[in-house]
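Participant: Questions regarding the structure given below will be posed in turn.
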Amino acid sequence: MNQHSDGFSLFPLEISIKPIPVPYPTILGVIPRTTVFQQCPHLRKVTFAFAAHAVDLADFNLPWHQLTHLDVHSCSLREYECLGVLRQCTALEECSISTFSTPARDLYKVAILSRDPVVLPSLLSLSLNLGDLVGYSVHFVYALRLPRLRSLRPSSQVSLYPALLPAFWRLLSETIRHLDFPGWIPIDLPTALALVPNLETLELQDSDSRVLETLGGGAVPHLVTLRLGIVNLCDLFDMLEARTAAARAGGGVAVLSDVSAIDSGTVGVDITRLYALRAAGVQVVFRNWSL
């Protein structure tokens, strides 16, 4: 801490804010808005670790405009307040928001605030795990404008609520290089892949023949890294062989050089196909194999 003539000035680059371990009734209405961090001209990264507590971001009077990294983990988050805070984070480059529930009574506030776009011109990476009220998530995501986004990890709820898909698909563009789906594969994921032609890394917790057929047909030509869940080895080998052949023929398709999956227990597989793929530069790892 350095003291100047105009008061104290702090120089942390990163802070982590956690709940005070005292009974909740004793702190209600007692803690004032945090102002000390306004004197942190070099602050760039803030983490809210409120996994078992609710958090109101607006209660923290931080220098939002200078942050480049924001990480929020809370059991309950007022998303309309979160939108208001994000509007101030014009320098943000990486953002992760995880919340498990949202008060239903505030839905109209989210709907009203989402009418005005939240433009984050510098944001490169976004990970969202939003609340269990679908209406919130739709309005929240529709408000975002992310012209430089390169990495996206959507909420796992997109697998359960089709209404969320159009909102997230709006975030897909030619700038995206990394796409990670933590839940089941949405029905129209093969169609969505056409929106990210420059994708280089695709991570899927689940996987099925539809996606493998799409990739085998030459979709996402710049893809080089693929992380899959449980797969049928025959289907996987068919896709990898098709892409490798297209790459060798000069079809504008990159070799999928880094592949990781879980073997579904496929029987009757010609293991020499795996060796041939590795010889062609395709490194395939099965996470449930001992070798």
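Naming works like this for the structure tokens: A, B, ... for the chains as they're shown, residue 1 at the start of each chain, ligands 1 onward in shown order.
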Near region 169-172 of chain A, within 9 Å and counting only C-alpha atoms, which residues show up once chain neighbours fewer than 3 positions away are dropped, as a CSV table (one decimal) with all heavy atoms, in the first residue's frame?

Facilitator:
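So the final result, stored in part-v2.csv, reads:
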chain,number,residue,atom,x,y,z
A,141,VAL,N,-28.9,-13.7,-22.4
A,141,VAL,CA,-28.0,-14.0,-23.5
A,141,VAL,C,-28.3,-13.1,-24.7
A,141,VAL,O,-27.4,-12.6,-25.5
A,141,VAL,CB,-28.0,-15.5,-23.9
A,141,VAL,CG1,-27.2,-15.8,-25.1
A,141,VAL,CG2,-27.6,-16.3,-22.7
A,142,TYR,N,-29.6,-12.8,-25.0
A,142,TYR,CA,-30.0,-12.0,-26.1
A,142,TYR,C,-29.5,-10.6,-26.0
A,142,TYR,O,-29.3,-9.9,-27.0
A,142,TYR,CB,-31.5,-12.0,-26.2
A,142,TYR,CG,-32.1,-13.0,-27.2
A,142,TYR,CD1,-33.0,-13.9,-26.8
A,142,TYR,CD2,-31.7,-12.9,-28.5
A,142,TYR,CE1,-33.5,-14.8,-27.7
A,142,TYR,CE2,-32.2,-13.8,-29.4
A,142,TYR,CZ,-33.1,-14.8,-29.0
A,142,TYR,OH,-33.6,-15.7,-29.9
A,144,LEU,N,-26.5,-9.7,-25.0
A,144,LEU,CA,-25.0,-9.7,-25.2
A,144,LEU,C,-24.7,-9.4,-26.7
A,144,LEU,O,-25.2,-10.0,-27.6
A,144,LEU,CB,-24.4,-11.0,-24.8
A,144,LEU,CG,-24.6,-11.4,-23.3
A,144,LEU,CD1,-23.9,-12.7,-23.0
A,144,LEU,CD2,-24.0,-10.3,-22.4
A,145,ARG,N,-23.7,-8.5,-26.8
A,145,ARG,CA,-23.1,-8.2,-28.2
A,145,ARG,C,-21.6,-8.4,-28.0
A,145,ARG,O,-20.9,-7.6,-27.3
A,145,ARG,CB,-23.4,-6.8,-28.6
A,145,ARG,CG,-24.9,-6.5,-28.8
A,145,ARG,CD,-25.5,-7.3,-29.9
A,145,ARG,NE,-26.9,-6.9,-30.1
A,145,ARG,CZ,-27.9,-7.5,-29.4
A,145,ARG,NH1,-27.7,-8.4,-28.5
A,145,ARG,NH2,-29.2,-7.0,-29.6
A,146,LEU,N,-21.0,-9.5,-28.6
A,146,LEU,CA,-19.6,-9.8,-28.4
A,146,LEU,C,-18.9,-10.0,-29.7
A,146,LEU,O,-18.7,-11.1,-30.3
A,146,LEU,CB,-19.6,-11.2,-27.6
A,146,LEU,CG,-20.5,-11.3,-26.4
A,146,LEU,CD1,-20.5,-12.7,-25.9
A,146,LEU,CD2,-20.2,-10.3,-25.4
A,147,PRO,N,-18.5,-8.9,-30.3
A,147,PRO,CA,-18.0,-8.9,-31.7
A,147,PRO,C,-16.6,-9.6,-31.8
A,147,PRO,O,-16.3,-10.0,-33.0
A,147,PRO,CB,-17.8,-7.4,-32.0
A,147,PRO,CG,-17.7,-6.7,-30.7
A,147,PRO,CD,-18.6,-7.5,-29.8
A,149,LEU,N,-15.6,-12.4,-29.8
A,149,LEU,CA,-15.6,-13.6,-29.0
A,149,LEU,C,-14.9,-14.7,-29.7
A,149,LEU,O,-15.2,-15.0,-30.9
A,149,LEU,CB,-17.0,-14.0,-28.7
A,149,LEU,CG,-17.2,-15.1,-27.7
A,149,LEU,CD1,-16.7,-14.7,-26.3
A,149,LEU,CD2,-18.6,-15.6,-27.6
A,152,LEU,N,-16.4,-20.0,-26.4
A,152,LEU,CA,-17.7,-20.0,-25.8
A,152,LEU,C,-18.0,-21.3,-25.1
A,152,LEU,O,-17.8,-22.4,-25.7
A,152,LEU,CB,-18.8,-19.7,-26.9
A,152,LEU,CG,-20.2,-19.8,-26.4
A,152,LEU,CD1,-20.5,-18.7,-25.3
A,152,LEU,CD2,-21.2,-19.6,-27.6
A,164,LEU,N,-33.5,-21.9,-25.4
A,164,LEU,CA,-32.3,-21.2,-25.2
A,164,LEU,C,-31.4,-21.2,-26.4
A,164,LEU,O,-30.5,-20.4,-26.6
A,164,LEU,CB,-31.5,-21.9,-24.0
A,164,LEU,CG,-31.9,-21.5,-22.6
A,164,LEU,CD1,-31.1,-22.3,-21.6
A,164,LEU,CD2,-31.7,-20.0,-22.3
A,165,LEU,N,-31.6,-22.2,-27.3
A,165,LEU,CA,-30.7,-22.4,-28.4
A,165,LEU,C,-30.6,-21.1,-29.3
A,165,LEU,O,-29.5,-20.7,-29.6
A,165,LEU,CB,-31.1,-23.6,-29.2
A,165,LEU,CG,-30.9,-24.9,-28.5
A,165,LEU,CD1,-31.5,-26.1,-29.4
A,165,LEU,CD2,-29.4,-25.2,-28.3
A,166,PRO,N,-31.7,-20.5,-29.8
A,166,PRO,CA,-31.5,-19.4,-30.6
A,166,PRO,C,-30.7,-18.2,-30.0
A,166,PRO,O,-30.0,-17.5,-30.7
A,166,PRO,CB,-33.0,-18.9,-30.9
A,166,PRO,CG,-33.8,-20.2,-30.7
A,166,PRO,CD,-33.1,-20.9,-29.6
A,175,THR,N,-15.6,-15.5,-35.7
A,175,THR,CA,-14.5,-15.2,-34.8
A,175,THR,C,-14.3,-16.4,-33.8
A,175,THR,O,-13.2,-16.5,-33.2
A,175,THR,CB,-14.8,-14.0,-34.0
A,175,THR,OG1,-16.0,-14.2,-33.1
A,175,THR,CG2,-15.1,-12.8,-34.9
A,176,ILE,N,-15.3,-17.3,-33.6
A,176,ILE,CA,-15.2,-18.3,-32.6
A,176,ILE,C,-14.1,-19.4,-33.1
A,176,ILE,O,-14.1,-19.9,-34.2
A,176,ILE,CB,-16.5,-19.1,-32.5
A,176,ILE,CG1,-17.6,-18.1,-31.9
A,176,ILE,CG2,-16.4,-20.3,-31.5
A,176,ILE,CD1,-17.4,-17.7,-30.5
A,192,ALA,N,-25.6,-25.7,-36.3
A,192,ALA,CA,-24.9,-24.6,-35.7
A,192,ALA,C,-23.4,-24.6,-36.1
A,192,ALA,O,-22.8,-23.5,-36.1
A,192,ALA,CB,-25.0,-24.7,-34.2
A,193,LEU,N,-22.8,-25.7,-36.3
A,193,LEU,CA,-21.4,-25.8,-36.7
A,193,LEU,C,-21.1,-25.0,-38.0
A,193,LEU,O,-20.0,-24.5,-38.2
A,193,LEU,CB,-20.9,-27.2,-36.8
A,193,LEU,CG,-20.9,-28.0,-35.5
A,193,LEU,CD1,-20.5,-29.5,-35.8
A,193,LEU,CD2,-19.9,-27.4,-34.5
A,195,LEU,N,-22.1,-22.1,-38.5
A,195,LEU,CA,-21.9,-20.7,-38.1
A,195,LEU,C,-20.5,-20.4,-37.6
A,195,LEU,O,-20.2,-19.3,-37.4
A,195,LEU,CB,-22.9,-20.4,-37.1
A,195,LEU,CG,-24.4,-20.6,-37.4
A,195,LEU,CD1,-25.3,-20.3,-36.2
A,195,LEU,CD2,-24.8,-19.7,-38.6
A,196,VAL,N,-19.7,-21.5,-37.4
A,196,VAL,CA,-18.3,-21.3,-36.8
A,196,VAL,C,-17.3,-21.9,-37.8
A,196,VAL,O,-16.6,-22.9,-37.4
A,196,VAL,CB,-18.2,-21.9,-35.4
A,196,VAL,CG1,-18.9,-21.0,-34.4
A,196,VAL,CG2,-18.8,-23.3,-35.4

Participant: Give me the residues within 6 Å of Thr201 (chain A) as a PDB file with C-alpha atoms, in the first residue's frame, counting only C-alpha atoms and dropping any in the same chain fewer than 3 places off.

Facilitator:
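Saved file selection-v2.pdb follows:
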ATOM      1  CA  HIS A 178     -13.171 -22.759 -29.276  1.00  0.00           C
ATOM      2  CA  LEU A 223     -10.821 -28.087 -36.678  1.00  0.00           C
ATOM      3  CA  THR A 225      -8.635 -30.541 -31.639  1.00  0.00           C
ATOM      4  CA  LEU A 226     -11.663 -32.658 -30.716  1.00  0.00           C
TER       5      LEU A 226
END

Participant: Find the distance between CA of Phe48 (chain A) and CA of Thr68 (chain A) and write it in Å to one decimal.

Facilitator: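 Atom-to-atom, CA of Phe48 (chain A) to CA of Thr68 (chain A), that is 14.4 Å.
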
Participant: For the atom pair CA of Leu256 (chain A) and CA of Ser127 (chain A), what is the interatomic distance in Å to one decimal place?

Facilitator: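 It comes out at 24.6 Å.
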
Participant: Could you tell me how far CA of Glu81 (chain A) sits from CA of Leu120 (chain A), in Å to one decimal place?

Facilitator: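 We find that CA of Leu120 (chain A) and CA of Glu81 (chain A) lie 16.0 Å from each other.
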
Participant: Please, which residues of region 67-234 of chain A, numbered as in this document, come out strand (DSSP E or B) from DSSP, as a ChimeraX atom specification?

Facilitator: /A:69-77,94-99,118-119,125-129,144-145,151-153,178-181,201-204,225-231

Participant: Skipping near chain neighbours, those fewer than 2 positions away, what residues fall within 10 Å of Ser207 (chain A) using only C-alpha atoms, listed as JSON, numbers by chain?

Facilitator: {"A": [183, 184, 185, 203, 204, 205, 209, 210, 211, 212, 227, 228, 229, 230, 231, 232, 261, 262]}

Participant: With N, CA, C and O atoms retained, write the just-selected residues as an mmCIF file, in the first residue's frame.

Facilitator:
data_model
loop_
_atom_site.group_PDB
_atom_site.id
_atom_site.type_symbol
_atom_site.label_atom_id
_atom_site.label_comp_id
_atom_site.auth_asym_id
_atom_site.auth_seq_id
_atom_site.Cartn_x
_atom_site.Cartn_y
_atom_site.Cartn_z
ATOM 1 N N GLY A 183 -23.120 -30.139 -21.713
ATOM 2 C CA GLY A 183 -24.259 -31.042 -21.527
ATOM 3 C C GLY A 183 -24.508 -31.907 -22.745
ATOM 4 O O GLY A 183 -23.627 -32.117 -23.584
ATOM 5 N N TRP A 184 -25.730 -32.407 -22.846
ATOM 6 C CA TRP A 184 -26.092 -33.197 -24.012
ATOM 7 C C TRP A 184 -26.021 -32.354 -25.267
ATOM 8 O O TRP A 184 -26.183 -31.143 -25.241
ATOM 9 N N ILE A 185 -25.796 -33.008 -26.396
ATOM 10 C CA ILE A 185 -25.691 -32.297 -27.657
ATOM 11 C C ILE A 185 -27.068 -31.810 -28.096
ATOM 12 O O ILE A 185 -28.008 -32.594 -28.186
ATOM 13 N N GLU A 203 -15.273 -29.225 -27.963
ATOM 14 C CA GLU A 203 -15.368 -30.110 -26.810
ATOM 15 C C GLU A 203 -16.831 -30.458 -26.567
ATOM 16 O O GLU A 203 -17.667 -29.571 -26.429
ATOM 17 N N LEU A 204 -17.123 -31.758 -26.517
ATOM 18 C CA LEU A 204 -18.486 -32.235 -26.310
ATOM 19 C C LEU A 204 -18.487 -33.265 -25.192
ATOM 20 O O LEU A 204 -17.769 -34.262 -25.257
ATOM 21 N N GLN A 205 -19.290 -32.999 -24.176
ATOM 22 C CA GLN A 205 -19.412 -33.973 -23.095
ATOM 23 C C GLN A 205 -20.116 -35.224 -23.591
ATOM 24 O O GLN A 205 -19.818 -36.345 -23.195
ATOM 25 N N SER A 209 -23.659 -39.990 -33.543
ATOM 26 C CA SER A 209 -23.317 -40.211 -34.944
ATOM 27 C C SER A 209 -23.615 -38.993 -35.805
ATOM 28 O O SER A 209 -22.950 -38.770 -36.825
ATOM 29 N N ARG A 210 -24.603 -38.171 -35.418
ATOM 30 C CA ARG A 210 -24.936 -36.989 -36.223
ATOM 31 C C ARG A 210 -23.755 -36.042 -36.326
ATOM 32 O O ARG A 210 -23.425 -35.545 -37.399
ATOM 33 N N VAL A 211 -23.124 -35.779 -35.196
ATOM 34 C CA VAL A 211 -21.986 -34.866 -35.190
ATOM 35 C C VAL A 211 -20.812 -35.487 -35.944
ATOM 36 O O VAL A 211 -20.122 -34.804 -36.718
ATOM 37 N N LEU A 212 -20.567 -36.780 -35.730
ATOM 38 C CA LEU A 212 -19.457 -37.435 -36.419
ATOM 39 C C LEU A 212 -19.670 -37.430 -37.925
ATOM 40 O O LEU A 212 -18.727 -37.211 -38.695
ATOM 41 N N ARG A 227 -12.585 -33.052 -28.505
ATOM 42 C CA ARG A 227 -12.783 -33.762 -27.242
ATOM 43 C C ARG A 227 -14.204 -34.295 -27.223
ATOM 44 O O ARG A 227 -15.158 -33.516 -27.316
ATOM 45 N N LEU A 228 -14.352 -35.612 -27.108
ATOM 46 C CA LEU A 228 -15.663 -36.238 -27.160
ATOM 47 C C LEU A 228 -15.943 -37.034 -25.899
ATOM 48 O O LEU A 228 -15.028 -37.400 -25.154
ATOM 49 N N GLY A 229 -17.219 -37.324 -25.695
ATOM 50 C CA GLY A 229 -17.615 -38.218 -24.623
ATOM 51 C C GLY A 229 -17.552 -39.657 -25.120
ATOM 52 O O GLY A 229 -16.638 -40.049 -25.847
ATOM 53 N N ILE A 230 -18.551 -40.441 -24.771
ATOM 54 C CA ILE A 230 -18.579 -41.853 -25.168
ATOM 55 C C ILE A 230 -18.923 -41.966 -26.652
ATOM 56 O O ILE A 230 -19.898 -41.379 -27.114
ATOM 57 N N VAL A 231 -18.105 -42.719 -27.386
ATOM 58 C CA VAL A 231 -18.322 -42.855 -28.823
ATOM 59 C C VAL A 231 -18.201 -44.318 -29.252
ATOM 60 O O VAL A 231 -17.560 -45.130 -28.581
ATOM 61 N N ASN A 232 -18.816 -44.605 -30.385
ATOM 62 C CA ASN A 232 -18.623 -45.889 -31.044
ATOM 63 C C ASN A 232 -17.347 -45.788 -31.876
ATOM 64 O O ASN A 232 -17.213 -44.894 -32.717
ATOM 65 N N ALA A 261 -11.382 -39.271 -26.616
ATOM 66 C CA ALA A 261 -12.751 -39.775 -26.490
ATOM 67 C C ALA A 261 -12.799 -40.898 -25.469
ATOM 68 O O ALA A 261 -11.768 -41.320 -24.925
ATOM 69 N N ILE A 262 -14.013 -41.375 -25.205
ATOM 70 C CA ILE A 262 -14.221 -42.517 -24.319
ATOM 71 C C ILE A 262 -14.827 -43.650 -25.141
ATOM 72 O O ILE A 262 -15.874 -43.476 -25.767
#
